[in-house]
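Engineer: Below you'll find structure16.csv; it's CSV, C-alpha atoms.
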chain,number,residue,atom,x,y,z
A,1,MET,CA,25.2,16.4,22.7
A,2,GLY,CA,26.4,13.5,20.6
A,3,GLY,CA,28.1,11.7,23.4
A,4,ASP,CA,25.1,9.8,24.7
A,5,LYS,CA,25.4,6.7,22.5
A,6,GLU,CA,22.6,5.0,24.4
A,7,ASN,CA,20.0,7.5,23.4
A,8,GLU,CA,20.9,7.7,19.8
A,9,SER,CA,18.6,5.0,18.7
A,10,PHE,CA,15.5,6.5,20.2
A,11,PHE,CA,13.3,8.6,18.0
A,12,TYR,CA,12.4,10.7,20.9
A,13,ASP,CA,16.0,11.9,21.5
A,14,MET,CA,16.7,12.1,17.8
A,15,LEU,CA,13.7,14.3,17.3
A,16,LEU,CA,14.8,16.5,20.2
A,17,ARG,CA,18.2,16.9,18.7
A,18,ILE,CA,16.9,17.4,15.2
A,19,GLN,CA,14.7,20.2,16.3
A,20,LYS,CA,17.7,21.9,17.8
A,21,GLY,CA,19.4,21.8,14.5
A,22,ASP,CA,21.3,18.5,14.3
A,23,THR,CA,21.2,17.7,10.6
A,24,GLU,CA,23.2,14.5,11.0
A,25,SER,CA,20.4,13.0,13.1
A,26,LEU,CA,17.9,14.1,10.6
A,27,GLU,CA,19.7,12.2,7.9
A,28,ARG,CA,19.8,9.1,10.1
A,29,LEU,CA,16.1,9.4,11.0
A,30,LEU,CA,15.1,9.9,7.4
A,31,SER,CA,17.2,6.9,6.3
A,32,THR,CA,15.2,4.7,8.7
A,33,PHE,CA,12.1,5.7,6.8
A,34,GLN,CA,13.5,5.0,3.4
A,35,PRO,CA,11.8,1.7,2.9
A,36,ALA,CA,8.5,3.2,3.8
A,37,VAL,CA,8.9,6.0,1.4
A,38,LYS,CA,10.1,3.7,-1.3
A,39,SER,CA,7.1,1.4,-1.0
A,40,CYS,CA,4.8,4.3,-0.9
A,41,ALA,CA,6.3,5.8,-4.0
A,42,ASN,CA,6.0,2.5,-5.8
A,43,GLN,CA,2.3,3.1,-6.1
A,44,ALA,CA,2.9,5.7,-8.7
A,45,LEU,CA,3.7,5.1,-12.3
A,46,PRO,CA,7.4,4.7,-13.1
A,47,SER,CA,7.4,8.1,-14.7
A,48,GLU,CA,6.0,9.9,-11.7
A,49,ARG,CA,7.8,7.8,-9.1
A,50,GLU,CA,10.7,10.2,-8.5
A,51,ASP,CA,8.4,13.2,-8.2
A,52,LEU,CA,6.2,11.4,-5.7
A,53,GLU,CA,9.2,10.3,-3.7
A,54,GLN,CA,10.6,13.8,-3.6
A,55,HIS,CA,7.2,15.1,-2.4
A,56,LEU,CA,7.1,12.4,0.3
A,57,TRP,CA,10.6,13.3,1.5
A,58,GLU,CA,9.7,16.9,1.8
A,59,LYS,CA,6.5,16.2,3.7
A,60,LEU,CA,8.3,13.9,6.0
A,61,THR,CA,11.1,16.4,6.7
A,62,ARG,CA,8.5,19.1,7.4
A,63,ALA,CA,6.6,16.8,9.8
A,64,ILE,CA,9.8,15.9,11.6
A,65,TYR,CA,10.6,19.5,12.2
A,66,THR,CA,7.2,20.4,13.4
A,67,TYR,CA,6.4,17.3,15.4
A,68,ASP,CA,5.4,18.3,18.9
A,69,VAL,CA,7.6,15.9,20.9
A,70,ASN,CA,6.2,16.7,24.3
A,71,ALA,CA,2.6,16.8,23.4
A,72,LEU,CA,0.4,14.8,25.7
A,73,TRP,CA,-1.0,11.6,24.2
A,74,ASP,CA,-4.7,11.2,23.8
A,75,HIS,CA,-6.5,8.5,25.7
A,76,THR,CA,-6.3,6.0,22.9
A,77,ALA,CA,-2.8,5.1,24.0
A,78,TYR,CA,-4.2,3.7,27.2
A,79,THR,CA,-7.2,1.8,26.0
A,80,PRO,CA,-7.1,-1.6,24.4
A,81,ARG,CA,-7.8,-1.7,20.7
A,82,THR,CA,-11.4,-2.8,20.1
A,83,ASN,CA,-11.8,-2.6,16.4
A,84,SER,CA,-8.6,-4.1,15.1
A,85,SER,CA,-7.5,-7.7,15.3
A,86,THR,CA,-3.8,-7.1,14.7
A,87,PRO,CA,-1.4,-6.1,17.4
A,88,PRO,CA,0.2,-2.7,17.0
A,89,ARG,CA,3.0,-3.0,14.6
A,90,THR,CA,6.4,-1.6,15.2
B,1,MET,CA,11.3,-7.5,20.0
B,2,LYS,CA,7.9,-6.7,18.6
B,3,PHE,CA,6.1,-8.8,21.1
B,4,VAL,CA,8.0,-7.6,24.0
B,5,VAL,CA,7.2,-4.0,23.0
B,6,SER,CA,3.5,-4.8,22.7
B,7,ASP,CA,3.6,-6.7,26.0
B,8,GLN,CA,4.9,-3.7,27.7
B,9,PHE,CA,2.4,-1.6,25.9
B,10,GLU,CA,-0.4,-3.8,27.3
B,11,HIS,CA,1.2,-3.8,30.8
B,12,LYS,CA,1.3,-0.1,30.7
B,13,ASN,CA,-2.3,0.1,29.9
B,14,ARG,CA,-3.2,-1.7,33.0
B,15,LEU,CA,-0.8,0.2,35.2
B,16,VAL,CA,-1.7,3.6,34.2
B,17,PRO,CA,-5.3,3.9,33.3
B,18,ALA,CA,-5.3,7.6,32.3
B,19,GLY,CA,-3.1,10.6,32.0
B,20,CYS,CA,0.5,11.2,31.2
B,21,PRO,CA,2.9,8.3,31.2
B,22,ASN,CA,5.4,10.0,33.4
B,23,ILE,CA,2.7,10.1,36.2
B,24,GLU,CA,4.7,7.1,37.6
B,25,ALA,CA,7.8,9.1,37.9
B,26,PRO,CA,8.2,10.8,41.3
B,27,ALA,CA,8.2,14.6,41.0
B,28,GLY,CA,11.5,16.3,41.7
B,29,GLU,CA,14.7,15.5,40.1
B,30,GLU,CA,13.0,13.3,37.6
B,31,ASP,CA,10.3,15.8,36.9
B,32,GLY,CA,9.6,15.6,33.2
B,33,GLY,CA,11.3,12.3,33.5
B,34,PHE,CA,12.4,12.2,29.9
B,35,SER,CA,14.6,15.2,29.4
B,36,ILE,CA,17.7,14.4,27.5
B,37,LYS,CA,20.2,16.4,29.5
B,38,GLY,CA,22.2,14.6,32.1
B,39,HIS,CA,19.6,12.0,32.7
B,40,PRO,CA,20.9,8.5,32.6
B,41,THR,CA,18.0,6.9,30.9
B,42,ASP,CA,18.2,3.3,30.0
B,43,GLY,CA,19.1,2.3,26.5
B,44,ARG,CA,16.7,0.3,24.4
B,45,GLN,CA,18.2,-3.0,25.4
B,46,ARG,CA,17.9,-2.7,29.1
B,47,ALA,CA,14.4,-1.2,28.8
B,48,VAL,CA,13.3,-4.2,26.9
B,49,SER,CA,15.1,-7.0,28.6
B,50,GLY,CA,14.2,-5.7,32.0
B,51,GLY,CA,17.4,-5.9,34.1
B,52,PRO,CA,16.8,-6.3,37.8
B,53,GLN,CA,18.8,-3.2,38.8
B,54,LYS,CA,16.6,-0.9,36.8
B,55,SER,CA,14.5,1.6,38.7
B,56,ALA,CA,10.9,2.2,38.0
B,57,VAL,CA,11.7,5.7,36.8
B,58,THR,CA,14.1,4.6,34.1
B,59,GLN,CA,11.8,1.8,33.1
B,60,SER,CA,9.1,4.3,32.7
B,61,ALA,CA,11.3,6.5,30.6
B,62,GLY,CA,12.3,3.7,28.4
B,63,GLN,CA,8.8,2.6,28.0
B,64,HIS,CA,7.8,6.1,27.2
B,65,LYS,CA,10.4,6.2,24.5
B,66,LEU,CA,9.4,2.9,23.1
B,67,VAL,CA,5.7,3.9,22.9
B,68,PHE,CA,6.7,7.2,21.5
B,69,GLU,CA,8.6,5.4,18.8
B,70,LEU,CA,5.6,3.3,18.0
B,71,ARG,CA,3.4,6.3,17.8
B,72,PHE,CA,5.8,8.2,15.7
B,73,ARG,CA,6.1,5.3,13.3
B,74,SER,CA,2.4,5.0,12.9
B,75,TYR,CA,2.2,8.8,12.5
B,76,VAL,CA,4.8,8.7,9.7
B,77,ARG,CA,3.1,5.8,8.1
B,78,SER,CA,-0.3,7.6,7.9
B,79,LEU,CA,1.5,10.8,6.9
B,80,LEU,CA,3.1,9.1,4.0
B,81,HIS,CA,-0.1,7.4,3.0
B,82,TYR,CA,-2.1,10.7,2.9
B,83,ALA,CA,0.7,12.6,1.4
B,84,ALA,CA,0.7,10.2,-1.5
B,85,ILE,CA,-3.0,10.5,-2.0
B,86,ASP,CA,-2.7,14.3,-1.8
B,87,TYR,CA,0.1,14.1,-4.4
B,88,PHE,CA,-2.0,12.0,-6.8
B,89,ARG,CA,-5.0,14.4,-6.5
B,90,THR,CA,-2.9,17.5,-7.2
B,91,GLU,CA,-1.2,15.8,-10.0
B,92,ARG,CA,-4.4,14.7,-11.7
B,93,ARG,CA,-5.9,18.1,-11.3
B,94,TYR,CA,-2.8,19.7,-12.8
B,95,GLN,CA,-2.9,17.3,-15.7
B,96,THR,CA,-6.6,17.8,-16.5
B,97,ARG,CA,-6.1,21.6,-16.4
B,98,ASN,CA,-2.9,21.8,-18.4
B,99,LEU,CA,-3.4,19.4,-21.2
B,100,LEU,CA,-0.6,19.5,-23.8
B,101,ILE,CA,-2.5,19.8,-27.1
B,102,LEU,CA,-0.1,19.4,-29.9
B,103,ASP,CA,-2.2,21.3,-32.4
B,104,GLY,CA,-2.6,24.2,-30.0
B,105,PRO,CA,-0.7,27.4,-30.4
B,106,ALA,CA,2.7,27.3,-28.6
B,107,SER,CA,2.9,30.9,-27.9
B,108,MET,CA,0.4,33.2,-26.2
B,109,GLN,CA,0.6,35.8,-29.0
B,110,GLY,CA,-1.8,33.9,-31.1
B,111,GLU,CA,0.4,33.0,-34.0
B,112,GLN,CA,-1.5,30.1,-35.3
B,113,ASP,CA,1.3,28.6,-37.3
B,114,ASP,CA,3.5,28.0,-34.3
B,115,CYS,CA,2.3,24.7,-33.0
B,116,TRP,CA,3.7,22.5,-30.3
B,117,LYS,CA,4.1,19.7,-32.7
B,118,ASP,CA,6.4,21.7,-34.8
B,119,ARG,CA,8.8,22.0,-31.9
B,120,LEU,CA,9.1,18.3,-31.4
B,121,LEU,CA,12.3,16.7,-32.6
B,122,SER,CA,10.9,14.6,-35.4
B,123,PRO,CA,12.2,11.1,-35.7
B,124,ASP,CA,12.9,11.4,-39.5
B,125,MET,CA,15.0,14.5,-39.1
B,126,ALA,CA,18.2,13.8,-41.0
B,127,ILE,CA,20.7,12.4,-38.6
B,128,GLU,CA,23.5,14.5,-39.9
B,129,GLU,CA,21.5,17.6,-39.3
B,130,ALA,CA,20.6,16.5,-35.8
B,131,GLY,CA,24.2,15.5,-35.1
B,132,THR,CA,25.4,19.0,-36.1
B,133,THR,CA,22.8,20.8,-34.0
B,134,TYR,CA,23.8,19.0,-30.9
B,135,CYS,CA,27.4,18.8,-32.1
B,136,CYS,CA,29.2,16.3,-30.0
B,137,ILE,CA,28.5,15.0,-26.5
B,138,GLY,CA,32.2,15.2,-25.8
B,139,GLU,CA,31.9,18.9,-25.5
B,140,GLU,CA,29.7,18.5,-22.4
B,141,LEU,CA,31.8,16.0,-20.5
B,142,VAL,CA,32.7,17.5,-17.2
B,143,GLN,CA,35.7,15.5,-16.2
B,144,PRO,CA,38.8,16.4,-18.2
B,145,GLU,CA,40.2,12.8,-18.0
B,146,LEU,CA,37.0,11.5,-19.5
B,147,TYR,CA,37.2,13.9,-22.3
B,148,GLU,CA,40.8,12.8,-23.0
B,149,VAL,CA,39.6,9.2,-23.4
B,150,PHE,CA,36.6,10.3,-25.4
B,151,LYS,CA,38.8,11.9,-28.0
B,152,LEU,CA,40.5,8.5,-28.4
B,153,LEU,CA,37.3,6.8,-29.6
B,154,THR,CA,36.7,6.4,-33.3
B,155,GLU,CA,34.5,8.8,-35.2
B,156,ARG,CA,31.8,6.2,-35.5
B,157,GLN,CA,31.7,5.4,-31.8
B,158,ARG,CA,31.6,9.1,-30.9
B,159,LEU,CA,28.7,9.6,-33.2
B,160,ILE,CA,26.8,6.7,-31.7
B,161,LEU,CA,27.4,7.8,-28.2
B,162,THR,CA,26.3,11.3,-29.1
B,163,LEU,CA,23.1,10.1,-30.8
B,164,SER,CA,22.1,7.7,-28.1
B,165,TYR,CA,23.0,9.7,-25.0
B,166,GLY,CA,22.8,13.3,-26.3
B,167,GLU,CA,19.6,12.8,-28.2
B,168,CYS,CA,18.1,9.7,-26.6
B,169,ARG,CA,17.7,7.9,-29.8
B,170,THR,CA,17.2,4.2,-29.8
B,171,ASP,CA,19.7,1.8,-31.2
B,172,ARG,CA,17.2,0.9,-33.9
B,173,GLU,CA,16.9,4.5,-35.1
B,174,ILE,CA,20.6,5.0,-35.2
B,175,GLY,CA,21.0,1.7,-37.1
B,176,LEU,CA,18.4,2.7,-39.6
B,177,GLN,CA,20.0,6.0,-40.3
B,178,MET,CA,23.5,4.6,-40.5
B,179,GLY,CA,22.5,1.6,-42.5
B,180,VAL,CA,23.6,-1.0,-40.0
B,181,SER,CA,21.6,-3.3,-37.8
B,182,GLN,CA,20.5,-2.5,-34.3
B,183,GLN,CA,22.8,-5.2,-32.9
B,184,ALA,CA,25.8,-3.6,-34.6
B,185,VAL,CA,25.0,-0.3,-33.0
B,186,ASN,CA,24.6,-1.8,-29.6
B,187,LYS,CA,27.9,-3.6,-30.0
B,188,SER,CA,29.9,-0.6,-30.9
B,189,LYS,CA,28.1,1.4,-28.2
B,190,ARG,CA,29.1,-1.1,-25.5
B,191,ALA,CA,32.7,-1.2,-26.9
B,192,ALA,CA,32.8,2.5,-26.6
B,193,LEU,CA,31.5,2.6,-23.1
B,194,ASP,CA,34.0,-0.1,-22.1
B,195,LYS,CA,36.8,1.9,-23.6
B,196,LEU,CA,35.7,5.0,-21.7
B,197,LYS,CA,35.4,3.0,-18.4
B,198,ARG,CA,38.8,1.4,-18.8
B,199,GLY,CA,40.5,4.4,-20.0
B,200,SER,CA,39.3,6.7,-17.2
B,201,SER,CA,40.0,4.2,-14.5
B,202,VAL,CA,43.5,3.5,-15.7
B,203,LYS,CA,44.2,7.2,-15.4
B,204,GLY,CA,43.4,6.9,-11.7
B,205,ASP,CA,40.2,8.9,-11.2
B,206,GLU,CA,36.9,7.5,-10.1
B,207,GLY,CA,36.0,6.7,-13.7
B,208,ASN,CA,32.2,6.6,-13.3
B,209,GLY,CA,31.7,5.8,-16.9
B,210,ARG,CA,29.7,8.2,-18.9
B,211,ARG,CA,28.4,11.5,-17.9
In structure tokens, what does this structure look like?

Structural biologist:
Amino acid sequence: MGGDKENESFFYDMLLRIQKGDTESLERLLSTFQPAVKSCANQALPSEREDLEQHLWEKLTRAIYTYDVNALWDHTAYTPRTNSSTPPRT
Amino acid sequence: MKFVVSDQFEHKNRLVPAGCPNIEAPAGEEDGGFSIKGHPTDGRQRAVSGGPQKSAVTQSAGQHKLVFELRFRSYVRSLLHYAAIDYFRTERRYQTRNLLILDGPASMQGEQDDCWKDRLLSPDMAIEEAGTTYCCIGEELVQPELYEVFKLLTERQRLILTLSYGECRTDREIGLQMGVSQQAVNKSKRAALDKLKRGSSVKGDEGNGRR
């Protein structure tokens, strides 16, 4: 499983492996979202910051495990954006 | 990288007006197109840079994964956003429902003389008394090496460490009780910490300072 180095960086493959029980990939995937979680947690007061961060990590982990990797995309993926001036961010 | 990705995104929009992205892939061996097992999909680099030897199928798979990544990222971003909002709402509700009223009875039995405020550690509690109730912070040190070094500190340094880390008192409070200035307390606290750090690292363990 872990041999395909090329596929390791893709979220798609990571998610597949995580949902089969690969906790190492889970850690790596979570660590890529660390800045996002941190900046989200910074909205809170300093006294609540850790609680919020914990809450976010839990939500994120749950979401990763339940994310439907092979779900079909809705049509919005194939239509140009009309109501936003900014290009899709990565 | 960002722009290339979005370029491909746009390109994709024109190529495939509707339906599943792997509609491009010929049915058969590549059916599903993106299964992980035994399928030599292109890595991110080749998918982005567009090498000439790349087949349409692998390109499609690479694009699929890139777009998947974009979608997943935006999903996570909105997830975090709404989870934070959710957290704030729950927290506010909890706080309005469970106010800590210091005059209120602390026990459910209705003994009126037992108030929350009596249970607080009052700041003017005599420092000797507090020091004896919490005895010494050295008793709670987990690492034996650290405890050895802790025993080498002076009585005064041990007391200061206990008060400041065991009871979370400020330097000013300690100084007031001991009759010295806040600066003096801070100075001997730092000296004590230094001693702990040096002593425990000399003995060869990790020596991560205080507990």

Engineer: Which is closest to Leu60 of chain A among B:Leu152, B:Leu70, B:Leu102, B:Leu79, if we use all atoms listed in the file?

Structural biologist: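 Among B:Leu152, B:Leu70, B:Leu102, B:Leu79, it is B:Leu79 that comes nearest to Leu60 of chain A.
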
Engineer: As an exercise, work out the distance from atom CA of Arg190 of chain B to atom CA of Gln143 of chain B in Å and give it to one decimal place.

Structural biologist: 20.1 Å

Engineer: Quick one, how far is atom CA of Gly179 of chain B from atom CA of Leu161 of chain B?

Structural biologist: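 Atom CA of Leu161 of chain B lies at a distance of 16.3 Å from atom CA of Gly179 of chain B.
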
Engineer: Find the distance between atom CA of Ser74 of chain B and atom CA of Arg17 of chain A and write it in Å to one decimal.

Structural biologist: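 If I compute the distance from atom CA of Ser74 of chain B to atom CA of Arg17 of chain A, I get 20.6 Å.
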
Engineer: Here is a test: counting all atoms listed in the file, which residue of B:Ala61, B:Leu100, B:Cys168, B:Ala83 is nearest to chain A?

Structural biologist: B:Ala83

Engineer: Would you please take segment 25-52 of chain A of the structure in the block above and write N, CA and C atoms to a file as a PDB file, in the first residue's frame?

Structural biologist:
ATOM      1  N   SER A  25      -1.299   8.135   7.379  1.00  0.00           N
ATOM      2  CA  SER A  25      -1.775   9.096   6.389  1.00  0.00           C
ATOM      3  C   SER A  25      -2.709  10.098   7.018  1.00  0.00           C
ATOM      4  N   LEU A  26      -3.485   9.634   7.963  1.00  0.00           N
ATOM      5  CA  LEU A  26      -4.411  10.553   8.640  1.00  0.00           C
ATOM      6  C   LEU A  26      -3.634  11.669   9.312  1.00  0.00           C
ATOM      7  N   GLU A  27      -2.559  11.277   9.975  1.00  0.00           N
ATOM      8  CA  GLU A  27      -1.751  12.300  10.635  1.00  0.00           C
ATOM      9  C   GLU A  27      -1.199  13.299   9.637  1.00  0.00           C
ATOM     10  N   ARG A  28      -0.719  12.752   8.498  1.00  0.00           N
ATOM     11  CA  ARG A  28      -0.141  13.659   7.509  1.00  0.00           C
ATOM     12  C   ARG A  28      -1.191  14.596   6.929  1.00  0.00           C
ATOM     13  N   LEU A  29      -2.355  14.035   6.662  1.00  0.00           N
ATOM     14  CA  LEU A  29      -3.418  14.865   6.095  1.00  0.00           C
ATOM     15  C   LEU A  29      -3.850  15.924   7.092  1.00  0.00           C
ATOM     16  N   LEU A  30      -3.973  15.528   8.347  1.00  0.00           N
ATOM     17  CA  LEU A  30      -4.374  16.502   9.362  1.00  0.00           C
ATOM     18  C   LEU A  30      -3.340  17.601   9.490  1.00  0.00           C
ATOM     19  N   SER A  31      -2.064  17.208   9.373  1.00  0.00           N
ATOM     20  CA  SER A  31      -1.029  18.219   9.557  1.00  0.00           C
ATOM     21  C   SER A  31      -1.032  19.227   8.412  1.00  0.00           C
ATOM     22  N   THR A  32      -1.542  18.835   7.243  1.00  0.00           N
ATOM     23  CA  THR A  32      -1.615  19.837   6.173  1.00  0.00           C
ATOM     24  C   THR A  32      -2.686  20.876   6.470  1.00  0.00           C
ATOM     25  N   PHE A  33      -3.619  20.518   7.317  1.00  0.00           N
ATOM     26  CA  PHE A  33      -4.672  21.483   7.622  1.00  0.00           C
ATOM     27  C   PHE A  33      -4.406  22.241   8.904  1.00  0.00           C
ATOM     28  N   GLN A  34      -3.236  22.022   9.451  1.00  0.00           N
ATOM     29  CA  GLN A  34      -2.956  22.683  10.729  1.00  0.00           C
ATOM     30  C   GLN A  34      -3.053  24.213  10.653  1.00  0.00           C
ATOM     31  N   PRO A  35      -2.469  24.848   9.612  1.00  0.00           N
ATOM     32  CA  PRO A  35      -2.600  26.306   9.568  1.00  0.00           C
ATOM     33  C   PRO A  35      -4.043  26.764   9.490  1.00  0.00           C
ATOM     34  N   ALA A  36      -4.857  26.059   8.736  1.00  0.00           N
ATOM     35  CA  ALA A  36      -6.263  26.444   8.619  1.00  0.00           C
ATOM     36  C   ALA A  36      -6.954  26.362   9.967  1.00  0.00           C
ATOM     37  N   VAL A  37      -6.693  25.267  10.671  1.00  0.00           N
ATOM     38  CA  VAL A  37      -7.331  25.088  11.978  1.00  0.00           C
ATOM     39  C   VAL A  37      -6.849  26.158  12.943  1.00  0.00           C
ATOM     40  N   LYS A  38      -5.541  26.427  12.899  1.00  0.00           N
ATOM     41  CA  LYS A  38      -4.992  27.435  13.804  1.00  0.00           C
ATOM     42  C   LYS A  38      -5.637  28.783  13.551  1.00  0.00           C
ATOM     43  N   SER A  39      -5.715  29.165  12.282  1.00  0.00           N
ATOM     44  CA  SER A  39      -6.236  30.497  12.004  1.00  0.00           C
ATOM     45  C   SER A  39      -7.710  30.563  12.355  1.00  0.00           C
ATOM     46  N   CYS A  40      -8.397  29.443  12.212  1.00  0.00           N
ATOM     47  CA  CYS A  40      -9.807  29.418  12.600  1.00  0.00           C
ATOM     48  C   CYS A  40      -9.926  29.541  14.116  1.00  0.00           C
ATOM     49  N   ALA A  41      -9.040  28.875  14.820  1.00  0.00           N
ATOM     50  CA  ALA A  41      -9.119  28.888  16.278  1.00  0.00           C
ATOM     51  C   ALA A  41      -8.732  30.243  16.839  1.00  0.00           C
ATOM     52  N   ASN A  42      -8.007  31.028  16.048  1.00  0.00           N
ATOM     53  CA  ASN A  42      -7.580  32.324  16.548  1.00  0.00           C
ATOM     54  C   ASN A  42      -8.718  33.320  16.650  1.00  0.00           C
ATOM     55  N   GLN A  43      -9.879  32.959  16.112  1.00  0.00           N
ATOM     56  CA  GLN A  43     -11.024  33.847  16.286  1.00  0.00           C
ATOM     57  C   GLN A  43     -11.441  33.908  17.741  1.00  0.00           C
ATOM     58  N   ALA A  44     -11.191  32.825  18.444  1.00  0.00           N
ATOM     59  CA  ALA A  44     -11.709  32.720  19.808  1.00  0.00           C
ATOM     60  C   ALA A  44     -10.847  33.508  20.776  1.00  0.00           C
ATOM     61  N   LEU A  45     -11.396  33.732  21.942  1.00  0.00           N
ATOM     62  CA  LEU A  45     -10.604  34.355  22.989  1.00  0.00           C
ATOM     63  C   LEU A  45      -9.486  33.404  23.378  1.00  0.00           C
ATOM     64  N   PRO A  46      -8.389  33.949  23.892  1.00  0.00           N
ATOM     65  CA  PRO A  46      -7.260  33.081  24.234  1.00  0.00           C
ATOM     66  C   PRO A  46      -7.641  31.972  25.203  1.00  0.00           C
ATOM     67  N   SER A  47      -8.620  32.263  26.065  1.00  0.00           N
ATOM     68  CA  SER A  47      -8.967  31.240  27.053  1.00  0.00           C
ATOM     69  C   SER A  47      -9.722  30.083  26.428  1.00  0.00           C
ATOM     70  N   GLU A  48     -10.404  30.332  25.321  1.00  0.00           N
ATOM     71  CA  GLU A  48     -11.194  29.270  24.700  1.00  0.00           C
ATOM     72  C   GLU A  48     -10.489  28.650  23.512  1.00  0.00           C
ATOM     73  N   ARG A  49      -9.320  29.189  23.200  1.00  0.00           N
ATOM     74  CA  ARG A  49      -8.708  28.831  21.930  1.00  0.00           C
ATOM     75  C   ARG A  49      -8.432  27.338  21.825  1.00  0.00           C
ATOM     76  N   GLU A  50      -7.929  26.787  22.917  1.00  0.00           N
ATOM     77  CA  GLU A  50      -7.573  25.359  22.851  1.00  0.00           C
ATOM     78  C   GLU A  50      -8.807  24.487  22.729  1.00  0.00           C
ATOM     79  N   ASP A  51      -9.859  24.893  23.415  1.00  0.00           N
ATOM     80  CA  ASP A  51     -11.098  24.119  23.317  1.00  0.00           C
ATOM     81  C   ASP A  51     -11.612  24.117  21.892  1.00  0.00           C
ATOM     82  N   LEU A  52     -11.618  25.312  21.302  1.00  0.00           N
ATOM     83  CA  LEU A  52     -12.118  25.412  19.933  1.00  0.00           C
ATOM     84  C   LEU A  52     -11.258  24.584  18.992  1.00  0.00           C
TER      85      LEU A  52
END
